[in-house]
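Engineer: If you scroll down you'll find the structure; I have some questions about it.
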Protein chains: 2
Amino acid sequence: MDRPNPDLTGTAGDVLGAYLRSQATAFLRAMRLYEESGAHGANGPDAPEGRDATCSLRGAARRISASLATFRPVAETSWADGLRTELVWLSATLADEQAYGTRLTRLMDALHRLSGVPVSELPAQRGGASSLTVGSARAGALLERQLTLARTRAHTASLQALGSSRFHAVADAVAVLASEVPLDPVAAAGPVADVLLPLSAVAEGRLTAAVADLPLTRASHPYNADALIADAHQDAPWHEVRRLLRVHRYAQEALGTDVARLAAAGEALDRHRDAAEAAAASATAARTPRIAPATAYALGVLHADQRHEVEAARFAFQRIWLRTPAAAAVPS
Amino acid sequence: MDRPNPDLTGTAGDVLGAYLRSQATAFLRAMRLYEESGAHGANGPDAPEGRDATCSLRGAARRISASLATFRPVAETSWADGLRTELVWLSATLADEQAYGTRLTRLMDALHRLSGVPVSELPAQRGGASSLTVGSARAGALLERQLTLARTRAHTASLQALGSSRFHAVADAVAVLASEVPLDPVAAAGPVADVLLPLSAVAEGRLTAAVADLPLTRASHPYNADALIADAHQDAPWHEVRRLLRVHRYAQEALGTDVARLAAAGEALDRHRDAAEAAAASATAARTPRIAPATAYALGVLHADQRHEVEAARFAFQRIWLRTPAAAAVPS
């Protein structure tokens with residue numbers, strides 16, 4: 001479906017090496033920006049430059065580790081496997097802080113949308129205000145407290161990770177990658193079509209198989225209300241497709257393919273994940289002891305709203321994936 | 001859009017008279033069935049024959065009063081106006097009992113769907129059960145208590161209405177209608193095309209204008225989340241279209257037109273109304289003093305679920321109304 005760049009010439013080593021070098025350079029640039037932003041010091045989690053730099057760092061780390069996995073036989077394997085493990089650790093560690101921030105913003109926006117007024121203007125005490133308005137203000141305050149605490153902890157963990165000798169070892173390895181990618185001499189000498197394309201086809205095959213297991217026909221019927229059913233496992237196959245889609249997309253990026261459609265499909269699954277986690281955060285907040293019924297009610301509305309967003313993201317994904325802008329949406 | 005039966009011949013009086021006579025006969029038959037069912041005695045609100053009979057009675061009453069309104073100049077006006085007022089009273093009085101029953105069923109089904117188990121099997125006490133499960137059981141019990149009480153009151157009101165001298169006066173007037181419809185001699189003598197069609201066009205025009213004011217384009221984008229916004233007035237234009245659609249449909253029935261599409265559109269708006277009222281019942285139950293947070297949380301989820309159904313019904317209505325089974329559903 002996504003055709004590799006027809007102008008792709010050269011050896012497997014040339015193509016993969018160029019991609020890895022560019023990503024390693026991006027990684028090192030992001031590292032420098034992060035250090036210059038002062039985000040590791042007093043500015044704390046809210047410094048936007050630090051946030052952008054961490055985001056770029058994670059993006060480059062994900063691309064390097066995914067390419068090293070997909071095209072494993074082309075790189076010097078034992079060296080690549082070691083770096084990959086470390087990059088996965090790094091991007092997972094750095095992900096949390098941003099995730100908590102995104103979640104809080106999403107939930108505050110939803111409370112705002114649901115109650116028709118910004119959360120900051122909601123009255124936290126009764127006095128003519130409707131149950132939902134009072135509850136929304138208190139729910140907002142509760143979520144803000146819980147997620148800000150989690151985010152501060154994640155920020156501390158990020159700081160520790162980025163100041164650790166483990167991180168500096170990763171940075172040294174990436175610096176090696178930026179100048180000279182350690183490759184397997186035999187595999188790297190083969191033509192792209194014989195070496196990289198079959199390996200990227202394996203990644204695509206995994207994705208295609210995982211997508212085939214998704215209930216896409218069901219998702220194509222708007223308002224099927226599936227995502228609201230209490231079922232702890234219903235999101236997992238979608239999260240797995242999100243992961244495999246990302247691996248496939250990075251392999252296609254390395255091959256110079258246009259990944260616009262894959263990126264759009266991935267954004268739908270990012271929304272799916274974010275909404276699912278926001279819904280879970282709302283359910284968790286509702287289990288806080290001694291909250292007022294109005295707060296619990298608002299958290300219930302918020303939970304269902306976010307599960308509704310989960311369903312909307314599935315609908316959007318199947319529309320992008322099946323490329324049928326109109327035919328697939330007849331309600332059941 | 002809905003073409004009148006081309007075989008329609010005869011005078012306005014012939015056509016309207018035949019329709020009113022058939023509906024009056026249906027009214028009297030339903031009345032007899034109701035009396036035979038014993039629903040006015042000890043069987044109480046759960047006797048299905050009594051329920052079916054009341055439903056038929058309301059259907060005939062609505063059709064007679066709507067036709068007398070749409071085709072007002074064709075009937076003997078002062079007589080018709082008086083009967084119409086009484087029929088509106090009767091069908092409004094009889095509607096409540098069924099509405100409360102439908103609402104309770106809808107809410108119990110939704111709780112069942114949301115929690116994945118029938119409400120009757122939900123544990124009402126903690127003990128490993130999730131917050132939503134415990135809350136759903138308590139929410140179900142609370143809604144059942146509140147709506148059953150309201151339904152019993154409505155049943156009593158129905159019984160009183162059907163036993164009243166006011167009702168017997170209505171029944172006498174309908175019996176007159178069944179044998180000889182009091183018509184305006186001049187208007188009734190005109191051809192259908194000159195008399196009834198212009199009057200039905202007025203009803204259709206009112207409906208068309210009201211539909212034009214609905215946010216149908218917005219409703220055509222699935223998952224727009226509009227129905228979840230706290231806005232006490234957003235449902236009113238849809239309820240008004242439902243009412244006007246019914247008046248138009250009955251006029252078309254009188255003219256022998258195929259009303260399948262109108263009936264389908266009306267069913268979508270019935271669902272819209274039912275879901276909106278169920279959501280309101282859930283919000284009302286959440287304001288019960290001293291409920292547990294878990295109960296309030298489940299009622300919040302339920303409220304949002306039913307508002308989601310409101311949105312789904314709007315989507316379904318615009319699909320039926322615009323008769324574009326595929327093109328209108330591109331997400332925004």
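Quick note on naming: the chains in the structure tokens go A, B, ... in the order shown, residues restart at 1 in each chain, and ligands are numbered from 1 in order of appearance.
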Based on only C-alpha atoms, which of the residues in chain B come within 9 Å of chain A? I want them as a ChimeraX atom specification.
Structural biologist: /B:113-116,131-132,222-226,228-231,283,286-287,289-305,308-309,311-312,315-316,319,325-331
Engineer: Could you give me, as a Markdown table, a per-residue list for stretch 78-162 of chain A showing, wherever an atom lies at most 12 Å from an atom of stretch 262-272 of chain A, the closest pair of atoms and their distance in Å to one decimal, using only C-alpha atoms and sorting by chain then residue number from low to high?
Structural biologist:
```
| residue | atom | partner | partner_atom | distance |
| --- | --- | --- | --- | --- |
| A:Ala99 | CA | A:Asp270 | CA | 11.0 |
| A:Thr102 | CA | A:Arg271 | CA | 10.7 |
| A:Arg103 | CA | A:Arg271 | CA | 10.7 |
| A:Arg106 | CA | A:Arg271 | CA | 10.2 |
```
Engineer: Can I get the selection written as a PDB file, in the first residue's frame, with N, CA, C and O atoms?
Structural biologist:
```
ATOM      1  N   ALA A  99       3.229  12.469  29.197  1.00  0.00           N
ATOM      2  CA  ALA A  99       1.940  11.770  29.192  1.00  0.00           C
ATOM      3  C   ALA A  99       1.013  12.321  30.279  1.00  0.00           C
ATOM      4  O   ALA A  99      -0.168  12.574  30.027  1.00  0.00           O
ATOM      5  N   THR A 102      -0.197  15.801  29.169  1.00  0.00           N
ATOM      6  CA  THR A 102      -1.189  15.683  28.094  1.00  0.00           C
ATOM      7  C   THR A 102      -2.534  15.222  28.656  1.00  0.00           C
ATOM      8  O   THR A 102      -3.589  15.731  28.278  1.00  0.00           O
ATOM      9  N   ARG A 103      -2.462  14.267  29.573  1.00  0.00           N
ATOM     10  CA  ARG A 103      -3.679  13.700  30.156  1.00  0.00           C
ATOM     11  C   ARG A 103      -4.459  14.764  30.925  1.00  0.00           C
ATOM     12  O   ARG A 103      -5.675  14.866  30.801  1.00  0.00           O
ATOM     13  N   ARG A 106      -6.036  17.204  28.495  1.00  0.00           N
ATOM     14  CA  ARG A 106      -7.182  16.558  27.840  1.00  0.00           C
ATOM     15  C   ARG A 106      -8.394  16.522  28.764  1.00  0.00           C
ATOM     16  O   ARG A 106      -9.516  16.839  28.366  1.00  0.00           O
TER      17      ARG A 106
END
```
Engineer: What separation in Å, quoted to one decimal, exists between atom CA of B:Pro185 and atom CA of B:Thr77?
Structural biologist: 11.3 Å
Engineer: Would you compute the distance between atom CA of A:Thr105 and atom CA of A:Cys55? Give it in Å to one decimal.
Structural biologist: 16.8 Å
Engineer: List the spatial neighbours of B:Leu33 as a VMD selection string - criterion: any atom at most 10 Å away, only C-alpha atoms, same-chain residues fewer than 4 positions off excluded.
Structural biologist: chain B and resid 27 to 29 37 to 39 49 to 50 52 to 54 56 to 57
Engineer: Write out as number ranges by chain the residues lying within 9 Å of B:Gln98, counting only C-alpha atoms and excluding same-chain residues fewer than 3 positions away.
Structural biologist: B: 51, 55, 94-95, 101-103, 151, 154-155
Engineer: Could you save those same residues with N, CA, C and O atoms as an mmCIF file, in the first residue's frame?
Structural biologist:
```
data_model
loop_
_atom_site.group_PDB
_atom_site.id
_atom_site.type_symbol
_atom_site.label_atom_id
_atom_site.label_comp_id
_atom_site.auth_asym_id
_atom_site.auth_seq_id
_atom_site.Cartn_x
_atom_site.Cartn_y
_atom_site.Cartn_z
ATOM 1 N N ARG B 51 -51.763 -2.511 28.412
ATOM 2 C CA ARG B 51 -50.747 -1.616 27.873
ATOM 3 C C ARG B 51 -50.904 -1.455 26.368
ATOM 4 O O ARG B 51 -50.860 -0.340 25.845
ATOM 5 N N CYS B 55 -51.936 1.903 24.312
ATOM 6 C CA CYS B 55 -51.050 2.375 23.246
ATOM 7 C C CYS B 55 -51.854 2.612 21.961
ATOM 8 O O CYS B 55 -51.685 3.653 21.298
ATOM 9 N N LEU B 94 -52.376 9.668 29.136
ATOM 10 C CA LEU B 94 -52.055 8.240 29.033
ATOM 11 C C LEU B 94 -50.579 7.984 28.714
ATOM 12 O O LEU B 94 -50.089 6.875 28.890
ATOM 13 N N ALA B 95 -49.884 9.012 28.222
ATOM 14 C CA ALA B 95 -48.507 8.800 27.755
ATOM 15 C C ALA B 95 -47.529 8.521 28.892
ATOM 16 O O ALA B 95 -46.592 7.736 28.745
ATOM 17 N N GLY B 101 -42.167 3.546 32.113
ATOM 18 C CA GLY B 101 -41.780 2.147 31.933
ATOM 19 C C GLY B 101 -40.657 2.011 30.913
ATOM 20 O O GLY B 101 -39.651 1.324 31.151
ATOM 21 N N THR B 102 -40.819 2.700 29.771
ATOM 22 C CA THR B 102 -39.802 2.660 28.709
ATOM 23 C C THR B 102 -38.469 3.189 29.223
ATOM 24 O O THR B 102 -37.408 2.638 28.937
ATOM 25 N N ARG B 103 -38.551 4.269 29.998
ATOM 26 C CA ARG B 103 -37.335 4.911 30.512
ATOM 27 C C ARG B 103 -36.573 3.965 31.439
ATOM 28 O O ARG B 103 -35.353 3.841 31.351
ATOM 29 N N ARG B 151 -44.111 5.782 37.867
ATOM 30 C CA ARG B 151 -44.966 5.036 36.953
ATOM 31 C C ARG B 151 -46.274 4.636 37.639
ATOM 32 O O ARG B 151 -47.336 4.661 37.029
ATOM 33 N N ALA B 154 -48.420 7.570 37.635
ATOM 34 C CA ALA B 154 -48.955 7.803 36.295
ATOM 35 C C ALA B 154 -50.061 6.797 35.980
ATOM 36 O O ALA B 154 -51.053 7.132 35.329
ATOM 37 N N HIS B 155 -49.885 5.561 36.469
ATOM 38 C CA HIS B 155 -50.909 4.536 36.253
ATOM 39 C C HIS B 155 -52.219 4.946 36.924
ATOM 40 O O HIS B 155 -53.295 4.838 36.336
#
```
Engineer: Write out as a list in words all residues of stretch 240-272 of chain B that DSSP puts in alpha helix (DSSP H) for this structure's backbone.
Structural biologist: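 Of stretch 240-272 of chain B, only Glu240, Val241, Arg242, Arg243, Leu244, Leu245, Arg246, Val247, His248, Arg249, Tyr250, Ala251, Gln252, Glu253, Ala254, Ala260, Arg261, Leu262, Ala263, Ala264, Ala265, Gly266, Glu267, Ala268, Leu269, Asp270, Arg271 and His272 of chain B fall in alpha helix (DSSP H).
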Engineer: Store the residues picked out above, limited to N, CA and C atoms, as a short mmCIF file (atom, residue, chain, number, x, y, z; two decimals), in the first residue's frame.
Structural biologist:
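To be explicit, this is the file written out as selection.cif:
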```cif
data_model
loop_
_atom_site.label_atom_id
_atom_site.label_comp_id
_atom_site.auth_asym_id
_atom_site.auth_seq_id
_atom_site.Cartn_x
_atom_site.Cartn_y
_atom_site.Cartn_z
N GLU B 240 -39.31 19.55 18.80
CA GLU B 240 -40.31 20.25 18.01
C GLU B 240 -40.43 19.61 16.62
N VAL B 241 -39.31 19.25 16.03
CA VAL B 241 -39.34 18.57 14.73
C VAL B 241 -40.07 17.23 14.86
N ARG B 242 -39.83 16.53 15.97
CA ARG B 242 -40.52 15.26 16.20
C ARG B 242 -42.04 15.46 16.18
N ARG B 243 -42.49 16.52 16.85
CA ARG B 243 -43.92 16.80 16.92
C ARG B 243 -44.47 17.15 15.52
N LEU B 244 -43.77 18.02 14.81
CA LEU B 244 -44.23 18.44 13.48
C LEU B 244 -44.17 17.29 12.48
N LEU B 245 -43.18 16.43 12.65
CA LEU B 245 -43.05 15.27 11.76
C LEU B 245 -44.24 14.34 11.93
N ARG B 246 -44.69 14.20 13.17
CA ARG B 246 -45.82 13.33 13.44
C ARG B 246 -47.08 13.91 12.80
N VAL B 247 -47.28 15.20 12.94
CA VAL B 247 -48.46 15.85 12.34
C VAL B 247 -48.44 15.66 10.82
N HIS B 248 -47.27 15.89 10.22
CA HIS B 248 -47.12 15.72 8.77
C HIS B 248 -47.40 14.28 8.36
N ARG B 249 -46.86 13.34 9.14
CA ARG B 249 -47.02 11.92 8.81
C ARG B 249 -48.49 11.51 8.84
N TYR B 250 -49.23 11.96 9.84
CA TYR B 250 -50.64 11.58 9.93
C TYR B 250 -51.44 12.18 8.77
N ALA B 251 -51.06 13.41 8.37
CA ALA B 251 -51.75 14.02 7.23
C ALA B 251 -51.49 13.20 5.97
N GLN B 252 -50.23 12.72 5.84
CA GLN B 252 -49.90 11.91 4.67
C GLN B 252 -50.60 10.56 4.72
N GLU B 253 -50.76 10.02 5.92
CA GLU B 253 -51.51 8.77 6.08
C GLU B 253 -52.94 8.97 5.60
N ALA B 254 -53.53 10.10 5.98
CA ALA B 254 -54.91 10.39 5.58
C ALA B 254 -55.02 10.45 4.06
N ALA B 260 -43.36 5.26 5.08
CA ALA B 260 -42.28 4.45 5.68
C ALA B 260 -41.08 5.31 6.08
N ARG B 261 -40.68 6.21 5.18
CA ARG B 261 -39.51 7.04 5.48
C ARG B 261 -39.81 7.99 6.65
N LEU B 262 -41.02 8.57 6.64
CA LEU B 262 -41.40 9.47 7.74
C LEU B 262 -41.44 8.70 9.06
N ALA B 263 -41.94 7.46 8.99
CA ALA B 263 -42.02 6.67 10.22
C ALA B 263 -40.62 6.36 10.74
N ALA B 264 -39.69 6.04 9.84
CA ALA B 264 -38.31 5.73 10.25
C ALA B 264 -37.66 6.97 10.86
N ALA B 265 -37.86 8.13 10.22
CA ALA B 265 -37.29 9.37 10.75
C ALA B 265 -37.90 9.66 12.12
N GLY B 266 -39.20 9.39 12.25
CA GLY B 266 -39.88 9.61 13.52
C GLY B 266 -39.35 8.69 14.61
N GLU B 267 -39.04 7.45 14.24
CA GLU B 267 -38.48 6.53 15.24
C GLU B 267 -37.14 7.03 15.75
N ALA B 268 -36.32 7.58 14.85
CA ALA B 268 -35.03 8.14 15.29
C ALA B 268 -35.27 9.26 16.30
N LEU B 269 -36.28 10.08 16.04
CA LEU B 269 -36.56 11.19 16.96
C LEU B 269 -37.23 10.71 18.25
N ASP B 270 -37.96 9.59 18.17
CA ASP B 270 -38.48 8.99 19.41
C ASP B 270 -37.31 8.53 20.28
N ARG B 271 -36.33 7.88 19.64
CA ARG B 271 -35.13 7.45 20.38
C ARG B 271 -34.43 8.65 20.98
N HIS B 272 -34.36 9.74 20.20
CA HIS B 272 -33.74 10.98 20.67
C HIS B 272 -34.42 11.46 21.95
#
```
